[in-house]
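**Q** My structure file my_file_16.txt, compact mmCIF, C-alpha atoms, is below:
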```txt
# COMPACT_ATOMS: atom_id res chain seq x y z
CA MET Z 1 26.51 -52.85 -21.27
CA LYS Z 2 24.71 -50.25 -23.42
CA LYS Z 3 21.77 -50.25 -21.03
CA ILE Z 4 24.04 -49.62 -18.05
CA GLY Z 5 25.99 -46.91 -19.84
CA LYS Z 6 22.85 -45.13 -21.04
CA PHE Z 7 21.67 -44.42 -17.50
CA ILE Z 8 24.84 -44.51 -15.40
CA LEU Z 9 27.40 -42.58 -17.46
CA PRO Z 10 25.50 -39.23 -17.48
CA ILE Z 11 25.08 -39.45 -13.70
CA PHE Z 12 28.73 -40.40 -13.22
CA PHE Z 13 30.08 -37.48 -15.26
CA ALA Z 14 27.66 -35.10 -13.58
CA LEU Z 15 29.11 -36.17 -10.22
CA ILE Z 16 32.62 -35.52 -11.53
CA ALA Z 17 31.60 -32.02 -12.61
CA PHE Z 18 30.06 -31.39 -9.20
CA SER Z 19 33.20 -32.58 -7.42
CA ALA Z 20 35.27 -29.78 -8.94
CA ASN Z 21 33.27 -27.30 -6.90
CA GLY Z 22 32.87 -29.42 -3.79
CA GLN Z 23 35.10 -30.02 -0.81
CA LYS Z 24 36.78 -33.32 -0.06
CA ASN Z 25 35.42 -35.05 -3.14
CA GLU Z 26 37.57 -37.49 -5.08
CA ILE Z 27 37.79 -38.89 -8.58
CA GLY Z 28 40.03 -41.83 -9.32
CA ILE Z 29 41.01 -44.75 -11.47
CA SER Z 30 41.80 -48.34 -10.49
CA LEU Z 31 43.66 -51.10 -12.29
CA GLY Z 32 43.43 -54.70 -11.18
CA ALA Z 33 41.97 -58.09 -12.00
CA LEU Z 34 38.74 -60.08 -11.72
CA ASN Z 35 38.22 -63.61 -10.50
CA TYR Z 36 35.26 -65.97 -10.20
CA THR Z 37 33.90 -68.99 -8.33
CA GLY Z 38 31.23 -71.30 -9.74
CA GLU Z 39 30.93 -74.62 -11.56
CA TYR Z 40 34.32 -74.27 -13.26
CA ALA Z 41 36.04 -73.00 -10.12
CA PRO Z 42 34.35 -74.21 -6.90
CA ARG Z 43 37.36 -72.90 -4.94
CA PHE Z 44 39.06 -69.52 -5.36
CA ASP Z 45 42.01 -69.94 -7.73
CA VAL Z 46 44.51 -67.11 -8.23
CA LEU Z 47 45.38 -68.56 -11.65
CA ASN Z 48 41.93 -67.50 -12.87
CA TYR Z 49 42.62 -63.77 -12.45
CA ARG Z 50 41.99 -61.73 -15.60
CA PRO Z 51 42.53 -57.97 -16.22
CA GLY Z 52 40.00 -55.40 -15.12
CA GLY Z 53 39.69 -51.71 -14.30
CA MET Z 54 37.45 -49.13 -12.68
CA VAL Z 55 36.73 -45.39 -12.54
CA PHE Z 56 35.07 -43.91 -9.48
CA TYR Z 57 33.82 -40.84 -7.66
CA ARG Z 58 34.11 -40.74 -3.87
CA ARG Z 59 32.45 -38.35 -1.42
CA ASN Z 60 34.01 -38.10 2.06
CA PHE Z 61 31.12 -37.14 4.33
CA SER Z 62 33.21 -37.49 7.50
CA PRO Z 63 36.60 -38.87 8.60
CA VAL Z 64 35.06 -42.35 8.87
CA PHE Z 65 32.17 -42.47 6.37
CA THR Z 66 32.54 -42.34 2.59
CA LEU Z 67 30.17 -43.02 -0.29
CA ARG Z 68 31.54 -44.17 -3.66
CA GLY Z 69 30.03 -44.56 -7.11
CA SER Z 70 31.96 -46.64 -9.64
CA ILE Z 71 31.94 -48.22 -13.08
CA MET Z 72 34.02 -51.37 -13.48
CA THR Z 73 34.76 -53.65 -16.41
CA GLY Z 74 36.85 -56.76 -16.90
CA ARG Z 75 36.95 -60.42 -17.84
CA ILE Z 76 36.35 -63.65 -15.89
CA LYS Z 77 37.50 -67.17 -16.71
CA GLY Z 78 37.23 -70.73 -15.44
CA SER Z 79 38.32 -74.17 -16.60
CA ASP Z 80 38.12 -77.86 -15.71
CA GLU Z 81 41.72 -78.40 -16.85
CA GLY Z 82 43.65 -80.45 -14.31
CA ALA Z 83 40.53 -81.16 -12.19
CA GLN Z 84 40.84 -84.14 -9.83
CA ASP Z 85 37.15 -84.50 -8.95
CA PRO Z 86 35.22 -86.89 -11.24
CA VAL Z 87 32.41 -84.45 -12.19
CA PRO Z 88 34.57 -81.60 -13.60
CA ALA Z 89 36.99 -84.15 -15.06
CA ALA Z 90 34.11 -85.71 -17.01
CA ARG Z 91 32.77 -82.30 -18.06
CA ASP Z 92 36.20 -81.06 -19.25
CA GLY Z 93 35.00 -77.57 -20.20
CA GLU Z 94 35.99 -73.93 -19.86
CA PHE Z 95 34.46 -70.47 -20.28
CA HIS Z 96 35.30 -66.79 -20.68
CA ASN Z 97 32.92 -63.92 -20.01
CA ASN Z 98 33.00 -60.13 -19.80
CA ILE Z 99 31.62 -58.20 -16.83
CA THR Z 100 30.55 -54.54 -16.75
CA GLU Z 101 29.33 -53.20 -13.41
CA ALA Z 102 27.92 -50.01 -11.93
CA ALA Z 103 27.96 -49.83 -8.12
CA ILE Z 104 27.25 -47.57 -5.15
CA MET Z 105 29.20 -48.53 -2.04
CA ALA Z 106 29.68 -47.21 1.49
CA GLU Z 107 33.12 -47.24 3.10
CA TYR Z 108 33.89 -47.22 6.82
CA ASN Z 109 37.40 -45.97 7.63
CA PHE Z 110 38.83 -47.18 10.94
CA LEU Z 111 41.23 -44.21 11.15
CA ASP Z 112 41.17 -40.57 10.06
CA PHE Z 113 43.92 -40.82 7.44
CA ARG Z 114 43.18 -37.39 5.92
CA ARG Z 115 45.29 -35.46 8.45
CA TYR Z 116 48.16 -35.10 6.04
CA LYS Z 117 50.66 -33.62 8.53
CA ASP Z 118 50.14 -36.49 10.97
CA ARG Z 119 52.22 -39.66 10.69
CA ARG Z 120 48.97 -41.61 10.47
CA ARG Z 121 48.34 -41.29 6.74
CA PHE Z 122 46.70 -44.69 6.24
CA ALA Z 123 43.36 -46.27 7.11
CA PRO Z 124 42.04 -49.82 6.74
CA TYR Z 125 38.37 -49.88 5.79
CA LEU Z 126 35.33 -52.06 5.19
CA THR Z 127 33.05 -51.54 2.21
CA ALA Z 128 29.65 -52.82 1.08
CA GLY Z 129 26.89 -51.72 -1.24
CA LEU Z 130 24.67 -52.54 -4.20
CA ALA Z 131 25.54 -53.08 -7.87
CA ILE Z 132 24.10 -54.02 -11.23
CA PHE Z 133 26.22 -55.87 -13.76
CA ASN Z 134 26.03 -57.00 -17.37
CA TYR Z 135 27.42 -60.26 -18.75
CA GLN Z 136 26.98 -62.45 -21.82
CA ARG Z 137 24.44 -65.24 -21.39
CA ALA Z 138 24.35 -68.38 -23.58
CA TYR Z 139 20.85 -69.77 -23.94
CA PRO Z 140 20.51 -73.57 -23.39
CA GLY Z 141 20.04 -75.64 -26.53
CA THR Z 142 21.09 -72.84 -28.91
CA ALA Z 143 24.18 -70.98 -30.06
CA ILE Z 144 22.50 -67.64 -29.24
CA ARG Z 145 24.25 -65.32 -26.81
CA GLY Z 146 22.76 -62.16 -25.38
CA GLY Z 147 23.34 -59.62 -22.66
CA ALA Z 148 21.92 -60.20 -19.19
CA VAL Z 149 21.67 -57.59 -16.40
CA ASN Z 150 21.54 -58.73 -12.78
CA PRO Z 151 22.03 -57.24 -9.29
CA SER Z 152 24.89 -58.14 -6.99
CA ILE Z 153 25.97 -57.32 -3.43
CA PRO Z 154 29.61 -56.19 -3.14
CA ILE Z 155 31.39 -56.55 0.20
CA GLY Z 156 35.10 -56.27 0.90
CA ILE Z 157 38.12 -54.76 2.63
CA GLY Z 158 40.83 -52.30 1.69
CA ILE Z 159 43.46 -49.85 2.84
CA LYS Z 160 43.97 -46.18 1.93
CA TYR Z 161 47.16 -44.14 2.03
CA LYS Z 162 47.36 -40.36 1.69
CA LEU Z 163 50.41 -39.74 -0.49
CA THR Z 164 50.04 -35.95 -0.58
CA LYS Z 165 47.38 -33.47 0.45
CA THR Z 166 45.40 -34.21 -2.72
CA VAL Z 167 46.64 -37.62 -3.94
CA ASN Z 168 45.51 -40.89 -2.36
CA LEU Z 169 46.53 -44.49 -2.97
CA ASN Z 170 44.18 -47.40 -2.38
CA ALA Z 171 44.26 -51.22 -2.44
CA GLU Z 172 41.17 -53.37 -2.00
CA PHE Z 173 39.59 -56.78 -2.43
CA VAL Z 174 35.82 -56.91 -2.98
CA ALA Z 175 33.66 -60.01 -3.47
CA ARG Z 176 30.36 -59.78 -5.33
CA LYS Z 177 27.50 -62.10 -4.36
CA THR Z 178 25.26 -62.64 -7.37
CA PHE Z 179 21.76 -64.06 -7.79
CA THR Z 180 22.50 -66.03 -10.94
CA ASP Z 181 24.21 -69.34 -11.66
CA TYR Z 182 24.97 -68.48 -15.29
CA LEU Z 183 28.14 -66.37 -15.19
CA ASP Z 184 29.86 -69.46 -16.59
CA ASN Z 185 26.84 -70.37 -18.80
CA ILE Z 186 26.24 -73.61 -16.97
CA SER Z 187 23.69 -74.45 -14.26
CA ASP Z 188 21.07 -77.19 -14.61
CA THR Z 189 21.87 -77.09 -18.35
CA TYR Z 190 24.32 -75.21 -20.53
CA ALA Z 191 24.71 -74.21 -24.17
CA ASP Z 192 24.29 -77.68 -25.70
CA GLY Z 193 21.29 -78.51 -23.52
CA TYR Z 194 23.00 -81.48 -21.85
CA SER Z 195 25.07 -82.05 -18.70
CA LYS Z 196 22.25 -81.65 -16.19
CA GLN Z 197 24.18 -83.83 -13.77
CA LEU Z 198 27.47 -81.96 -14.26
CA ALA Z 199 26.56 -78.76 -12.39
CA ASN Z 200 25.00 -77.56 -9.14
CA PRO Z 201 22.06 -75.20 -9.84
CA HIS Z 202 21.57 -74.52 -6.12
CA LEU Z 203 24.78 -72.49 -5.67
CA ASN Z 204 25.01 -69.10 -7.38
CA ASP Z 205 28.23 -67.79 -8.91
CA TRP Z 206 30.45 -65.07 -7.39
CA TYR Z 207 32.90 -62.65 -8.98
CA TYR Z 208 35.72 -60.70 -7.32
CA TYR Z 209 37.82 -57.61 -7.96
CA THR Z 210 41.31 -56.95 -6.60
CA GLY Z 211 42.59 -53.51 -7.50
CA PHE Z 212 45.06 -50.71 -6.85
CA SER Z 213 43.88 -47.15 -7.37
CA ILE Z 214 45.00 -43.54 -7.36
CA SER Z 215 42.60 -40.68 -6.70
CA TYR Z 216 42.64 -36.90 -6.56
CA THR Z 217 40.88 -34.94 -3.80
CA PHE Z 218 39.29 -31.56 -4.56
CA TYR Z 219 39.48 -29.07 -1.70
CA GLY Z 220 37.45 -25.92 -1.36
CA ILE Z 221 39.03 -22.75 -0.03
CA ALA Z 222 39.04 -23.22 3.73
CA CYS Z 223 39.79 -20.55 6.29
CA PRO Z 224 43.27 -20.67 7.91
CA GLU Z 225 41.78 -21.61 11.28
CA PHE Z 226 40.05 -24.65 9.75
CA GLN Z 227 43.27 -25.75 8.04
CA ARG Z 228 45.29 -25.35 11.24
CA LYS Z 229 42.85 -27.44 13.31
CA ASN Z 230 42.62 -30.19 10.70
CA ASN Z 231 46.31 -30.26 9.66
CA VAL Z 232 45.47 -29.93 5.98
CA TYR Z 233 48.06 -27.34 4.96
```
What does this structure look like when you write it as structure tokens?
**A**
Amino acid sequence: MKKIGKFILPIFFALIAFSANGQKNEIGISLGALNYTGEYAPRFDVLNYRPGGMVFYRRNFSPVFTLRGSIMTGRIKGSDEGAQDPVPAARDGEFHNNITEAAIMAEYNFLDFRRYKDRRRFAPYLTAGLAIFNYQRAYPGTAIRGGAVNPSIPIGIGIKYKLTKTVNLNAEFVARKTFTDYLDNISDTYADGYSKQLANPHLNDWYYYTGFSISYTFYGIACPEFQRKNNVY
């Protein structure tokens, strides 16, 4: 987490400072929850949601294309409790882990929702990008835990709603494909060095974020003709 913050936080706050002087830039905050799929949850289970949150900066390059930088943190959880399959029932374990992520994502809006005076104030969108995330790794055969940093590929869907000229609401669901099988600290082995037959090392873990956000758009001083044509009074 410290490694991510050392390099990402100065850039993030610099972008926020820039946005104050830009046009159609946004800063926002999101509250939501994280989920996970892996050895302890081979199928998506809404009961595994745990709290999470995010801050972000968004640049609207055009009515349809947006670029967003974000920092997200939260907790993931999984358990074999109540499992019907013989492998997880025999394993009878559980885990908790913390995730901290920095991401850059593109958004494609299907509608131009920014025309505030129009009735069409909403836009569904697709999003995808690249991220790096930090989590706690337990090393097989020991009680030692340490931080691990890995890349992930976020991809998801959402919907935006323009509440006022400057305030936007947002809901989204984004899945993160990872390249590690140790979010839950179990793969071919786990912390006690055993259970090689109680996991599948060939399938990597995923984590997910479902969130609701509010953001503020900074507008430059536009000429009256521009405002009239774009309905942004």
**Q** Of the candidates Z:Tyr108, Z:Phe173, Z:Trp206, Z:Tyr219, which one gets nearest to Ala33 in chain Z if we count only C-alpha atoms?
**A**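 The shortest atom-to-atom distance to Ala33 in chain Z comes from Z:Phe173.
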**Q** Mind giving me the straight-line distance from CA of Met72 in chain Z to CA of Ile99 in chain Z in Å, one decimal?
**A**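 Taking CA of Met72 in chain Z and CA of Ile99 in chain Z, their separation equals 8.0 Å.
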**Q** Could you state the separation of CA of Ala41 in chain Z and CA of Lys77 in chain Z in Å, given to one decimal place?
**A**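 Straight-line distance from CA of Ala41 in chain Z to CA of Lys77 in chain Z works out to 8.9 Å.
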**Q** From the options Z:Ala123, Z:Ile214, Z:Ile71, Z:Leu183, which residue's atoms come nearest to Tyr40 in chain Z, counting all atoms listed in the file?
**A**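 When distances to Tyr40 in chain Z are compared using all atoms listed in the file, the smallest one comes from Z:Leu183.
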**Q** So, with only C-alpha atoms as the atoms that count, which of Z:Gly147, Z:Gly156, Z:Gly52, Z:Gly32 lies closest to Ala175 in chain Z?
**A**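 Using only C-alpha atoms, Ala175 in chain Z sits closest to Z:Gly156.
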**Q** Nearest to Ala128 in chain Z among Z:Lys24, Z:Arg50, Z:Arg59, Z:Arg68, with distances taken over only C-alpha atoms: which residue is it?
**A**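 The answer is Z:Arg68, which sits nearest to Ala128 in chain Z.
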**Q** Find the residue from Z:Arg43, Z:Arg75, Z:Lys160, Z:Arg137 that sits nearest to Thr180 in chain Z; use only C-alpha atoms when measuring.
**A**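 Comparing Z:Arg43, Z:Arg75, Z:Lys160, Z:Arg137 against Thr180 in chain Z, the winner is Z:Arg137.
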